[in-house]
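Structure, as structure tokens:
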Amino acid sequence: MASAKQQRGQTPLMRQYYKIKSQHPNQLLLFRMGDFYETFAEDALTASSVLGIVLSKRANGRASTVPLAGFPYHALDNHLPKLIQAGLRVAICEQLEDPRTTRTLVKRGVVEVVSPGVSLHDNLLSPKQVNYLAAVHWAQHRRRPDNVGVAYVDVSTGEFMVAEAGTEQLDDLLQSLSPSEVLVDKRQKNRLEAMRFQNYVITPQEDWVFTHDYSYEVLLRHFGTHSLKGFEVESLQDGLVAAGVVLHYLGEAQQGHLSHIKRIAARADAGHMRLDAQTKVNLSLLSSHREGRQDGPLITLLDQTHTAMGARLLRRWLGAPLCDIQAIQVRHNATEALFRDAQLLAAVQERLEGICDMERVVARICTARATPRDLAALRDSLERLPSIKELLEMQGSDTLQEIGNELDVCSDTFSIIKQAIVDKPPASVRDGNIFLDGYLDELDALRDIARSGKDYVAQMQQAEIERTGIPSLKVGYNKVFGYYLEVTHVHREKVPPHYIRKQTLVNAERYVTPELKEYEEKILTAEDKLIDLERSLFVELRTRVAEDASTLQQSAGMLAILDCYCSYASIARAHDYRRPVVDDSLRLFIKEGRHPVVEQLVDPFIPNTVNLDAERDQIHVITGPNMAGKSVVLRQSGLIVLLAQAGSFVPAAHAHIGLVDRIFTRVGASDNIVAGESTFLVEMNETASILNNATRRSLILLDEVGRGTSTFDGMSIAWSLVEHLHENARVAARTLFATHFHELNELAERFERVRNFRIQVQEHDGKVVFLRTLEPGSADHSYGIEVARMAGLPASVLDRARQILAKLEAQPIEVGTMRAPESTNEASAAAVQLSLFAMEEAHPVVERVRTLDCENMTPLQALITLAELKQLTMET
């Protein structure tokens, strides 16, 4: 920033720039100058680097030159995403008055601050994904020191939610929201940076913003109420602090244009299944957990929506399945009505196809950023609502009829726009021709002048030729003199006295007349007046439509729900999904279940049946070789439960699902290098989370727990884990446990609710054939060497592996050495670690140690003996 001494020597323009920049010190300032956005000083260096634009210099009066980098204003849509993706916050400074109307320095001001979490620009938003700005507030209560308030808003739709959670739950909550930007007290930034799944931009804020009194005042002022009791969020005191921070930040970024944020609501976790971040990744719900894999996320297959609003809602439904049986049945009923009536489904989807993103259009209208095309798109969308409403009200489903009843067709809003806007308006207000002829008399008059200008000039030219008898007389125009009459020297004698000479050319003279200058003024000012008038009328129209924002948002919400039901029905019809039975039992019976994504890639896909019951068949220990399909069975079981409770039909011949409160997964191997966590430590962290949070109603999917450490260590952990899940009533959840530890099959003999299953394989001509069928029983081979052969390991490595395997299998390894004690109160057996290359003879040092009488040795004797052992070690 320039010093006071430097500023005295600056030009007025640069003084204006630095004044505005001082109000936005942590933002890159795009300073509008005519048809360009310019950046100066450090901002110019940053913009030049990020955007790859030319860096130059600008003279600054008596002060030294200043670095300069800029681009044309119409290139903003191309350059803004690059700046935001670089993690920058961008302040857009516009000219606040027409340069033609002032002889002094044009007034300028910041009209918008764009950041990763705050944007209404289409090129920064994904149509099918929300864009959350979140705030996190750690409480300072003595009784609840670990309580965290969280608020999040999507400024592009007006969704505004508040929640509270414990510190240990915060990471999962943020991961489930996937915010683009998170606001935090600058004193607590390090706590947020320590989150494991940090994939958002952290923006520190001043500590005074995170005070209850200030935040509460911001909320009351925004909603225009005396309290927040009407929103049922009063009890979430820490959450309300975060909510106030969000609104404070938005108010600065959007210059107060937030009228579309009409309400704040508490996040309803009680009626929803809680999915931790790892489960979403392991089940590949919204994104693939491994780069480059062919089987994409579930949402890619399931999203058959026809509107952006429906696509975003479907993602929320999959990320938070229901735990209320009645609510689940409501979704199933609606899906079934559309599933059974193909004509109704096609008719509804045909009408949904042409509906714009009403949520975001309304947001742009309320923030004064809507274009004429936005209003035209809204008009065309509203025109479809009456027919959709009629379709829903005429059929028999209570759920669909209720949507039809609640769907407001917004007839007044539709009429207002239809009577004003042309069918295909321009992209910008500056382009004019927005309103229909007949909308306003003054507008029509200006258009007549602008449109008839050329005709009038032609008529005047002919009239003057006839009046003066000069056949070569022409009416012309240039920017210096405007309109003029041109007469060649041959006919100079015929020029009337009232012609006023303006310019002499080699072969002609140019003249003007009072009449010509009068009409010139009308023609030249008509277009400017026309654009100004249309701009004024458009602002009035946009403001009027904004008054109906609540009704429009409510209708958009109904359409999004309907779109999700249609998507469910379309998928069910296309891929033979069946309606599941969901009740309050503790059963999980999936007959001929299929993985919804994998079955699209594998032909034929082998379905499998899973029958779990917390009362009788609680735990299935599944053994089988790699690549046989154990993980697919686990994942498809979790996905079928999730789909059923999200309201969808499921890929199975039949499914009976006792309500599941949480799905836990321990699948795959990964590390967390940044946090210094090995693969095994990550595995144990996730397993500990399962044991600490699972309930009798949960579904637990465990794949190869214990493989990240030594054989007997891993086997012992796996054994103990199954035993704990069986014996501890609090966590006696339905469990599928896939493992290579064949010794775990003995658990079925010891515990009444443990069952053994295996993935069927056959050996043929020395090769393994994977049948991918789940059946009762246990496998006694992992066929790892065969899988290694399929992967292309050299023959020499495979031959050596077979030799080592034969040697290991020949050694007597007693299962009893790792068998769990009969009672958890008994002393645990000594662990035995398998050694591949055991020594034939005991080491001399070991033999000497065995003969020592440690209990009767004096300290001096111990030191002497230690020295002898050291010497013996060196000699051997």
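Residues are named by chain letter and number: chains run A, B, ... in the order of the structure tokens, numbers start at 1 in each chain, and ligands are numbered from 1 in the order shown.
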Residues flagged alpha helix (DSSP H) by DSSP in range 597-817 of chain A, as a ChimeraX atom specification | /A:630-646,679-693,711-727,747-750,784-791,795-810
I'd like the neighbourhood of Arg315 in chain A as a PDB file with all heavy atoms, in the first residue's frame, where a residue qualifies if any of its atoms comes within 8 Å (using only C-alpha atoms), though same-chain residues fewer than 4 positions away should be ignored.
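So selection01.pdb came out as:
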```pdb
ATOM      1  N   GLN A 129     -24.390 -29.531  -8.313  1.00  0.00           N
ATOM      2  CA  GLN A 129     -23.805 -29.583  -6.978  1.00  0.00           C
ATOM      3  C   GLN A 129     -24.060 -28.285  -6.225  1.00  0.00           C
ATOM      4  O   GLN A 129     -24.071 -27.204  -6.813  1.00  0.00           O
ATOM      5  CB  GLN A 129     -22.300 -29.832  -7.063  1.00  0.00           C
ATOM      6  CG  GLN A 129     -21.944 -31.202  -7.611  1.00  0.00           C
ATOM      7  CD  GLN A 129     -20.448 -31.451  -7.617  1.00  0.00           C
ATOM      8  OE1 GLN A 129     -19.653 -30.568  -7.320  1.00  0.00           O
ATOM      9  NE2 GLN A 129     -20.050 -32.653  -7.962  1.00  0.00           N
ATOM     10  N   LEU A 286     -20.724 -40.437  -4.047  1.00  0.00           N
ATOM     11  CA  LEU A 286     -20.729 -39.212  -4.846  1.00  0.00           C
ATOM     12  C   LEU A 286     -19.446 -39.011  -5.629  1.00  0.00           C
ATOM     13  O   LEU A 286     -19.377 -38.147  -6.495  1.00  0.00           O
ATOM     14  CB  LEU A 286     -20.972 -38.006  -3.930  1.00  0.00           C
ATOM     15  CG  LEU A 286     -22.243 -38.090  -3.075  1.00  0.00           C
ATOM     16  CD1 LEU A 286     -22.357 -36.870  -2.175  1.00  0.00           C
ATOM     17  CD2 LEU A 286     -23.479 -38.230  -3.948  1.00  0.00           C
ATOM     18  N   ILE A 299     -23.823 -41.954  -7.855  1.00  0.00           N
ATOM     19  CA  ILE A 299     -24.644 -40.836  -8.329  1.00  0.00           C
ATOM     20  C   ILE A 299     -24.638 -40.751  -9.849  1.00  0.00           C
ATOM     21  O   ILE A 299     -25.636 -40.352 -10.469  1.00  0.00           O
ATOM     22  CB  ILE A 299     -24.160 -39.503  -7.702  1.00  0.00           C
ATOM     23  CG1 ILE A 299     -25.124 -38.367  -8.027  1.00  0.00           C
ATOM     24  CG2 ILE A 299     -22.756 -39.179  -8.147  1.00  0.00           C
ATOM     25  CD1 ILE A 299     -26.478 -38.521  -7.419  1.00  0.00           C
ATOM     26  N   ALA A 311     -31.188 -32.639  -9.413  1.00  0.00           N
ATOM     27  CA  ALA A 311     -29.871 -33.273  -9.310  1.00  0.00           C
ATOM     28  C   ALA A 311     -29.216 -32.957  -7.973  1.00  0.00           C
ATOM     29  O   ALA A 311     -28.619 -33.825  -7.332  1.00  0.00           O
ATOM     30  CB  ALA A 311     -28.980 -32.816 -10.465  1.00  0.00           C
ATOM     31  N   GLY A 319     -26.749 -38.745   0.305  1.00  0.00           N
ATOM     32  CA  GLY A 319     -25.790 -38.473   1.371  1.00  0.00           C
ATOM     33  C   GLY A 319     -26.394 -38.523   2.756  1.00  0.00           C
ATOM     34  O   GLY A 319     -25.662 -38.592   3.754  1.00  0.00           O
TER      35      GLY A 319
END
```
Return as number ranges by chain the full set of residues in range 497-562 of chain A whose backbone-based DSSP assignment is strand (DSSP E).
-> A: 500-504, 508-512
Writing out the chosen residues with N, CA and C atoms as a short mmCIF file (atom, residue, chain, number, x, y, z; two decimals), in the first residue's frame:
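Output saved as result.cif:
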```
data_model
loop_
_atom_site.label_atom_id
_atom_site.label_comp_id
_atom_site.auth_asym_id
_atom_site.auth_seq_id
_atom_site.Cartn_x
_atom_site.Cartn_y
_atom_site.Cartn_z
N ILE A 500 -26.23 26.08 -44.03
CA ILE A 500 -25.06 26.61 -43.30
C ILE A 500 -23.84 25.76 -43.67
N ARG A 501 -22.84 26.42 -44.26
CA ARG A 501 -21.67 25.69 -44.72
C ARG A 501 -20.80 25.24 -43.52
N LYS A 502 -20.39 23.96 -43.54
CA LYS A 502 -19.59 23.40 -42.45
C LYS A 502 -18.21 22.94 -42.90
N GLN A 503 -18.08 22.51 -44.18
CA GLN A 503 -16.80 21.95 -44.61
C GLN A 503 -16.68 22.06 -46.13
N THR A 504 -15.45 22.40 -46.58
CA THR A 504 -15.18 22.47 -48.02
C THR A 504 -14.28 21.33 -48.43
N ALA A 508 -16.62 19.29 -53.49
CA ALA A 508 -17.97 19.53 -52.94
C ALA A 508 -17.91 20.37 -51.69
N GLU A 509 -19.11 20.84 -51.28
CA GLU A 509 -19.28 21.57 -50.03
C GLU A 509 -20.27 20.79 -49.16
N ARG A 510 -20.06 20.88 -47.85
CA ARG A 510 -20.97 20.22 -46.92
C ARG A 510 -21.69 21.29 -46.11
N TYR A 511 -23.02 21.04 -45.91
CA TYR A 511 -23.86 22.02 -45.23
C TYR A 511 -24.72 21.32 -44.16
N VAL A 512 -25.23 22.12 -43.26
CA VAL A 512 -26.23 21.64 -42.29
C VAL A 512 -27.38 22.61 -42.30
#
```
Can you work out the spacing between CA of Glu94 in chain A and CA of Leu120 in chain A in Å, to one decimal?
->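 Atom-to-atom, CA of Glu94 in chain A and CA of Leu120 in chain A are spaced 16.7 Å apart.
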Residues within 9 Å of range 795-802 of chain A, only C-alpha atoms, excluding chain neighbours under 4 positions, as JSON, numbers by chain = {"A": [785, 786, 788, 789, 806, 807]}
Keeping only all heavy atoms, write those residues as a compact mmCIF listing (two decimals), in the first residue's frame.
```txt
# COMPACT_ATOMS: atom_id res chain seq x y z
N ILE A 785 -0.96 -66.71 -4.98
CA ILE A 785 0.05 -66.87 -6.01
C ILE A 785 -0.60 -66.91 -7.39
O ILE A 785 -0.07 -66.39 -8.37
CB ILE A 785 0.88 -68.15 -5.75
CG1 ILE A 785 1.67 -67.98 -4.44
CG2 ILE A 785 1.82 -68.44 -6.91
CD1 ILE A 785 2.48 -69.20 -4.04
N GLU A 786 -1.80 -67.50 -7.48
CA GLU A 786 -2.50 -67.54 -8.75
C GLU A 786 -2.92 -66.14 -9.19
O GLU A 786 -2.82 -65.77 -10.36
CB GLU A 786 -3.73 -68.44 -8.65
CG GLU A 786 -4.56 -68.54 -9.92
CD GLU A 786 -3.79 -69.12 -11.10
OE1 GLU A 786 -2.76 -69.82 -10.89
OE2 GLU A 786 -4.20 -68.88 -12.24
N ALA A 788 -1.32 -63.47 -8.33
CA ALA A 788 -0.07 -62.81 -8.72
C ALA A 788 0.31 -63.19 -10.15
O ALA A 788 0.82 -62.35 -10.91
CB ALA A 788 1.04 -63.21 -7.76
N ARG A 789 0.05 -64.47 -10.53
CA ARG A 789 0.32 -64.88 -11.91
C ARG A 789 -0.54 -64.10 -12.89
O ARG A 789 -0.07 -63.64 -13.93
CB ARG A 789 0.05 -66.38 -12.05
CG ARG A 789 0.35 -66.91 -13.45
CD ARG A 789 -0.23 -68.29 -13.64
NE ARG A 789 -1.69 -68.26 -13.57
CZ ARG A 789 -2.47 -67.85 -14.58
NH1 ARG A 789 -1.94 -67.41 -15.71
NH2 ARG A 789 -3.78 -67.86 -14.44
N ALA A 806 5.16 -73.91 0.22
CA ALA A 806 5.19 -75.33 0.56
C ALA A 806 5.91 -75.55 1.89
O ALA A 806 5.50 -76.37 2.71
CB ALA A 806 5.88 -76.11 -0.56
N LYS A 807 6.98 -74.80 2.10
CA LYS A 807 7.73 -74.94 3.35
C LYS A 807 6.88 -74.48 4.54
O LYS A 807 6.85 -75.12 5.59
CB LYS A 807 9.02 -74.12 3.27
CG LYS A 807 9.87 -74.20 4.53
CD LYS A 807 11.17 -73.42 4.37
CE LYS A 807 12.01 -73.52 5.64
NZ LYS A 807 13.28 -72.77 5.52
```
May I ask which of the residues A:Asp154, A:Glu704, A:Glu217, A:Glu112 is the closest one to Leu721 in chain A, counting only C-alpha atoms?
->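 Of all the options, A:Glu704 lies closest to Leu721 in chain A.
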What is the distance, in Å and to one decimal place, between CA of Ile470 in chain A and CA of Tyr499 in chain A?
->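 Answer for the CA of Ile470 in chain A to CA of Tyr499 in chain A separation: 13.3 Å.
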With range 155-159 of chain A as the partner and 9 Å as the cut-off, tabulate the residues of range 349-463 of chain A that qualify, each row holding the nearest pair of atoms and their distance in Å to one decimal, using only C-alpha atoms, sorted by chain and rising number, as CSV.
```
residue,atom,partner,partner_atom,distance
A:Met358,CA,A:Thr157,CA,8.6
A:Glu359,CA,A:Thr157,CA,4.9
A:Arg360,CA,A:Thr157,CA,5.0
A:Val361,CA,A:Thr157,CA,8.3
A:Val362,CA,A:Thr157,CA,7.6
A:Ala363,CA,A:Ser156,CA,5.6
A:Arg364,CA,A:Ser156,CA,7.4
```
Writer output for current selection, all heavy atoms, as a compact mmCIF listing (two decimals), in the first residue's frame:
```
# COMPACT_ATOMS: atom_id res chain seq x y z
N MET A 358 -34.57 -22.88 -11.34
CA MET A 358 -35.35 -21.82 -10.72
C MET A 358 -34.73 -21.32 -9.43
O MET A 358 -34.77 -20.12 -9.13
CB MET A 358 -36.79 -22.30 -10.47
CG MET A 358 -37.61 -22.45 -11.73
SD MET A 358 -39.26 -23.16 -11.44
CE MET A 358 -39.93 -22.00 -10.25
N GLU A 359 -34.13 -22.21 -8.64
CA GLU A 359 -33.53 -21.79 -7.38
C GLU A 359 -32.45 -20.74 -7.61
O GLU A 359 -32.41 -19.70 -6.93
CB GLU A 359 -32.95 -23.00 -6.65
CG GLU A 359 -34.00 -23.95 -6.09
CD GLU A 359 -33.38 -25.16 -5.42
OE1 GLU A 359 -32.25 -25.54 -5.79
OE2 GLU A 359 -34.02 -25.73 -4.53
N ARG A 360 -31.57 -21.00 -8.57
CA ARG A 360 -30.47 -20.07 -8.79
C ARG A 360 -30.90 -18.84 -9.58
O ARG A 360 -30.35 -17.76 -9.38
CB ARG A 360 -29.32 -20.81 -9.49
CG ARG A 360 -28.60 -21.75 -8.53
CD ARG A 360 -27.41 -22.45 -9.12
NE ARG A 360 -26.69 -23.17 -8.06
CZ ARG A 360 -25.70 -24.03 -8.28
NH1 ARG A 360 -25.32 -24.29 -9.53
NH2 ARG A 360 -25.10 -24.63 -7.27
N VAL A 361 -31.90 -18.99 -10.44
CA VAL A 361 -32.42 -17.82 -11.14
C VAL A 361 -33.05 -16.86 -10.14
O VAL A 361 -32.85 -15.64 -10.21
CB VAL A 361 -33.45 -18.25 -12.21
CG1 VAL A 361 -34.22 -17.03 -12.72
CG2 VAL A 361 -32.74 -18.93 -13.37
N VAL A 362 -33.83 -17.40 -9.20
CA VAL A 362 -34.45 -16.55 -8.17
C VAL A 362 -33.36 -15.86 -7.34
O VAL A 362 -33.49 -14.67 -7.00
CB VAL A 362 -35.38 -17.38 -7.27
CG1 VAL A 362 -35.83 -16.56 -6.06
CG2 VAL A 362 -36.60 -17.84 -8.06
N ALA A 363 -32.30 -16.57 -7.02
CA ALA A 363 -31.20 -15.96 -6.27
C ALA A 363 -30.58 -14.80 -7.05
O ALA A 363 -30.29 -13.74 -6.48
CB ALA A 363 -30.14 -17.00 -5.94
N ARG A 364 -30.39 -14.98 -8.35
CA ARG A 364 -29.81 -13.90 -9.15
C ARG A 364 -30.79 -12.72 -9.26
O ARG A 364 -30.37 -11.57 -9.31
CB ARG A 364 -29.43 -14.42 -10.55
CG ARG A 364 -28.23 -15.35 -10.53
CD ARG A 364 -27.63 -15.50 -11.92
NE ARG A 364 -28.50 -16.24 -12.81
CZ ARG A 364 -28.50 -17.55 -12.95
NH1 ARG A 364 -27.72 -18.30 -12.20
NH2 ARG A 364 -29.32 -18.14 -13.82
```
Tell me which protein, DNA and RNA residues are within 10 Å of Pro72 in chain A, counting only C-alpha atoms, leaving out same-chain ones fewer than 3 positions away, and put them as a ChimeraX atom specification.
-> /A:32-38,75-76
Prev. selection, N, CA, C and O atoms, output as a PDB file, in the first residue's frame:
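For reference, again_12.pdb as written:
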```pdb
ATOM      1  N   ARG A  32     -12.364  -1.452 -12.668  1.00  0.00           N
ATOM      2  CA  ARG A  32     -12.927  -1.190 -13.995  1.00  0.00           C
ATOM      3  C   ARG A  32     -12.484   0.178 -14.513  1.00  0.00           C
ATOM      4  O   ARG A  32     -12.704   1.210 -13.869  1.00  0.00           O
ATOM      5  N   MET A  33     -11.888   0.155 -15.687  1.00  0.00           N
ATOM      6  CA  MET A  33     -11.481   1.379 -16.376  1.00  0.00           C
ATOM      7  C   MET A  33     -11.951   1.281 -17.823  1.00  0.00           C
ATOM      8  O   MET A  33     -11.311   0.608 -18.640  1.00  0.00           O
ATOM      9  N   GLY A  34     -13.087   1.896 -18.141  1.00  0.00           N
ATOM     10  CA  GLY A  34     -13.625   1.823 -19.494  1.00  0.00           C
ATOM     11  C   GLY A  34     -14.024   0.402 -19.827  1.00  0.00           C
ATOM     12  O   GLY A  34     -14.837  -0.219 -19.136  1.00  0.00           O
ATOM     13  N   ASP A  35     -13.401  -0.138 -20.864  1.00  0.00           N
ATOM     14  CA  ASP A  35     -13.731  -1.490 -21.298  1.00  0.00           C
ATOM     15  C   ASP A  35     -12.776  -2.535 -20.739  1.00  0.00           C
ATOM     16  O   ASP A  35     -12.741  -3.676 -21.226  1.00  0.00           O
ATOM     17  N   PHE A  36     -12.006  -2.183 -19.711  1.00  0.00           N
ATOM     18  CA  PHE A  36     -11.022  -3.115 -19.151  1.00  0.00           C
ATOM     19  C   PHE A  36     -11.172  -3.219 -17.634  1.00  0.00           C
ATOM     20  O   PHE A  36     -11.609  -2.285 -16.965  1.00  0.00           O
ATOM     21  N   TYR A  37     -10.808  -4.403 -17.106  1.00  0.00           N
ATOM     22  CA  TYR A  37     -10.552  -4.575 -15.678  1.00  0.00           C
ATOM     23  C   TYR A  37      -9.040  -4.543 -15.498  1.00  0.00           C
ATOM     24  O   TYR A  37      -8.319  -5.330 -16.122  1.00  0.00           O
ATOM     25  N   GLU A  38      -8.573  -3.617 -14.668  1.00  0.00           N
ATOM     26  CA  GLU A  38      -7.140  -3.481 -14.448  1.00  0.00           C
ATOM     27  C   GLU A  38      -6.787  -3.909 -13.019  1.00  0.00           C
ATOM     28  O   GLU A  38      -7.588  -3.786 -12.096  1.00  0.00           O
ATOM     29  N   ALA A  75     -14.059 -10.524 -20.896  1.00  0.00           N
ATOM     30  CA  ALA A  75     -13.300 -11.749 -20.628  1.00  0.00           C
ATOM     31  C   ALA A  75     -13.387 -12.158 -19.159  1.00  0.00           C
ATOM     32  O   ALA A  75     -12.726 -13.110 -18.737  1.00  0.00           O
ATOM     33  N   LEU A  76     -14.201 -11.445 -18.380  1.00  0.00           N
ATOM     34  CA  LEU A  76     -14.299 -11.743 -16.952  1.00  0.00           C
ATOM     35  C   LEU A  76     -14.722 -13.189 -16.702  1.00  0.00           C
ATOM     36  O   LEU A  76     -14.173 -13.868 -15.827  1.00  0.00           O
TER      37      LEU A  76
END
```
Could you name the residues that touch range 741-754 of chain A at 8 Å or less, counting only C-alpha atoms, but leaving out those on the same chain fewer than 3 positions away, as a ChimeraX atom specification?
-> /A:614-621,623,715,718-719,726,778-781,815
Residue selection dump (all heavy atoms) as a compact mmCIF listing (two decimals), in the first residue's frame:
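Saved the output as selection-v7.txt:
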```txt
# COMPACT_ATOMS: atom_id res chain seq x y z
N ALA A 614 -29.82 -59.92 13.51
CA ALA A 614 -29.10 -59.62 14.74
C ALA A 614 -29.44 -60.60 15.85
O ALA A 614 -28.66 -60.77 16.80
CB ALA A 614 -29.39 -58.19 15.20
N GLU A 615 -30.60 -61.28 15.74
CA GLU A 615 -31.00 -62.22 16.77
C GLU A 615 -30.43 -63.62 16.53
O GLU A 615 -30.20 -64.37 17.49
CB GLU A 615 -32.54 -62.31 16.80
CG GLU A 615 -33.23 -60.98 17.04
CD GLU A 615 -33.01 -60.46 18.45
OE1 GLU A 615 -32.57 -61.24 19.30
OE2 GLU A 615 -33.27 -59.26 18.68
N ARG A 616 -30.19 -64.02 15.27
CA ARG A 616 -29.78 -65.40 14.98
C ARG A 616 -28.53 -65.49 14.10
O ARG A 616 -27.65 -66.31 14.37
CB ARG A 616 -30.94 -66.13 14.28
CG ARG A 616 -32.17 -66.32 15.15
CD ARG A 616 -33.25 -67.11 14.41
NE ARG A 616 -33.71 -66.39 13.22
CZ ARG A 616 -34.64 -65.46 13.24
NH1 ARG A 616 -35.22 -65.13 14.39
NH2 ARG A 616 -35.02 -64.85 12.13
N ASP A 617 -28.46 -64.71 13.06
CA ASP A 617 -27.32 -64.78 12.12
C ASP A 617 -26.68 -63.40 12.04
O ASP A 617 -26.69 -62.75 10.99
CB ASP A 617 -27.81 -65.21 10.74
CG ASP A 617 -28.52 -66.56 10.79
OD1 ASP A 617 -27.85 -67.54 11.11
OD2 ASP A 617 -29.73 -66.60 10.52
N GLN A 618 -26.09 -62.98 13.13
CA GLN A 618 -25.61 -61.59 13.24
C GLN A 618 -24.37 -61.33 12.40
O GLN A 618 -24.27 -60.29 11.75
CB GLN A 618 -25.31 -61.27 14.71
CG GLN A 618 -24.72 -59.88 14.92
CD GLN A 618 -23.92 -59.77 16.20
OE1 GLN A 618 -24.05 -60.62 17.09
NE2 GLN A 618 -23.09 -58.75 16.31
N ILE A 619 -23.43 -62.27 12.41
CA ILE A 619 -22.13 -62.02 11.77
C ILE A 619 -21.85 -63.09 10.73
O ILE A 619 -21.92 -64.29 11.03
CB ILE A 619 -20.99 -62.00 12.82
CG1 ILE A 619 -21.26 -60.92 13.88
CG2 ILE A 619 -19.64 -61.77 12.14
CD1 ILE A 619 -20.27 -60.95 15.04
N HIS A 620 -21.53 -62.66 9.53
CA HIS A 620 -21.09 -63.57 8.47
C HIS A 620 -19.60 -63.36 8.25
O HIS A 620 -19.17 -62.26 7.85
CB HIS A 620 -21.84 -63.31 7.17
CG HIS A 620 -23.27 -63.77 7.20
ND1 HIS A 620 -24.10 -63.68 6.10
CD2 HIS A 620 -24.00 -64.33 8.18
CE1 HIS A 620 -25.29 -64.17 6.41
NE2 HIS A 620 -25.26 -64.56 7.67
N VAL A 621 -18.82 -64.39 8.51
CA VAL A 621 -17.39 -64.37 8.20
C VAL A 621 -17.23 -64.94 6.79
O VAL A 621 -17.52 -66.11 6.54
CB VAL A 621 -16.59 -65.20 9.22
CG1 VAL A 621 -15.11 -65.25 8.80
CG2 VAL A 621 -16.72 -64.58 10.61
N THR A 623 -14.91 -65.88 3.61
CA THR A 623 -13.56 -66.15 3.15
C THR A 623 -13.57 -66.45 1.65
O THR A 623 -14.61 -66.74 1.07
CB THR A 623 -12.96 -67.36 3.91
OG1 THR A 623 -13.87 -68.45 3.85
CG2 THR A 623 -12.70 -67.00 5.36
N MET A 715 -4.37 -61.41 12.81
CA MET A 715 -5.34 -62.46 13.09
C MET A 715 -5.95 -62.30 14.47
O MET A 715 -7.16 -62.47 14.68
CB MET A 715 -4.64 -63.81 12.96
CG MET A 715 -5.60 -65.00 12.83
SD MET A 715 -4.68 -66.53 12.73
CE MET A 715 -3.64 -66.24 11.30
N ALA A 718 -8.43 -59.37 14.42
CA ALA A 718 -9.65 -59.75 13.71
C ALA A 718 -10.51 -60.66 14.58
O ALA A 718 -11.74 -60.49 14.67
CB ALA A 718 -9.31 -60.44 12.40
N TRP A 719 -9.88 -61.63 15.22
CA TRP A 719 -10.62 -62.54 16.11
C TRP A 719 -11.30 -61.77 17.23
O TRP A 719 -12.48 -61.95 17.52
CB TRP A 719 -9.63 -63.58 16.67
CG TRP A 719 -10.27 -64.62 17.55
CD1 TRP A 719 -10.86 -64.44 18.76
CD2 TRP A 719 -10.39 -66.02 17.27
NE1 TRP A 719 -11.32 -65.61 19.27
CE2 TRP A 719 -11.05 -66.61 18.37
CE3 TRP A 719 -9.97 -66.83 16.20
CZ2 TRP A 719 -11.31 -67.98 18.44
CZ3 TRP A 719 -10.24 -68.18 16.28
CH2 TRP A 719 -10.90 -68.75 17.38
N HIS A 726 -19.87 -59.71 18.81
CA HIS A 726 -20.85 -60.74 19.18
C HIS A 726 -21.24 -60.64 20.65
O HIS A 726 -22.43 -60.77 20.99
CB HIS A 726 -20.25 -62.12 18.88
CG HIS A 726 -21.22 -63.25 19.09
ND1 HIS A 726 -21.48 -63.79 20.33
CD2 HIS A 726 -22.00 -63.95 18.20
CE1 HIS A 726 -22.37 -64.77 20.21
NE2 HIS A 726 -22.70 -64.89 18.92
N SER A 778 -16.52 -72.57 4.39
CA SER A 778 -15.28 -71.83 4.58
C SER A 778 -14.28 -72.21 3.51
O SER A 778 -14.28 -73.34 3.01
CB SER A 778 -14.70 -72.10 5.97
OG SER A 778 -14.45 -73.50 6.14
N ALA A 779 -13.44 -71.26 3.15
CA ALA A 779 -12.38 -71.51 2.18
C ALA A 779 -11.09 -71.80 2.92
O ALA A 779 -10.85 -71.27 4.01
CB ALA A 779 -12.21 -70.30 1.27
N ASP A 780 -10.25 -72.66 2.36
CA ASP A 780 -8.99 -72.99 3.02
C ASP A 780 -7.77 -72.53 2.23
O ASP A 780 -6.65 -72.82 2.58
CB ASP A 780 -8.91 -74.49 3.30
CG ASP A 780 -9.11 -75.33 2.04
OD1 ASP A 780 -9.26 -74.71 0.96
OD2 ASP A 780 -9.12 -76.56 2.14
N HIS A 781 -8.00 -71.85 1.11
CA HIS A 781 -6.90 -71.32 0.31
C HIS A 781 -7.23 -69.89 -0.12
O HIS A 781 -8.39 -69.58 -0.38
CB HIS A 781 -6.63 -72.17 -0.94
CG HIS A 781 -6.04 -73.51 -0.62
ND1 HIS A 781 -6.81 -74.60 -0.33
CD2 HIS A 781 -4.73 -73.91 -0.54
CE1 HIS A 781 -6.02 -75.65 -0.10
NE2 HIS A 781 -4.75 -75.25 -0.21
N VAL A 815 -3.27 -73.83 15.61
CA VAL A 815 -4.26 -72.77 15.75
C VAL A 815 -4.41 -72.38 17.19
O VAL A 815 -4.68 -71.24 17.54
CB VAL A 815 -5.62 -73.22 15.16
CG1 VAL A 815 -6.69 -72.16 15.38
CG2 VAL A 815 -5.48 -73.53 13.69
```
Residues within 6 Å of range 367-377 of chain A, only C-alpha atoms, excluding chain neighbours under 2 positions, as a list in words | His257, Arg364, Ile365, Arg379, Asp380, Pro425 and Ala427 of chain A
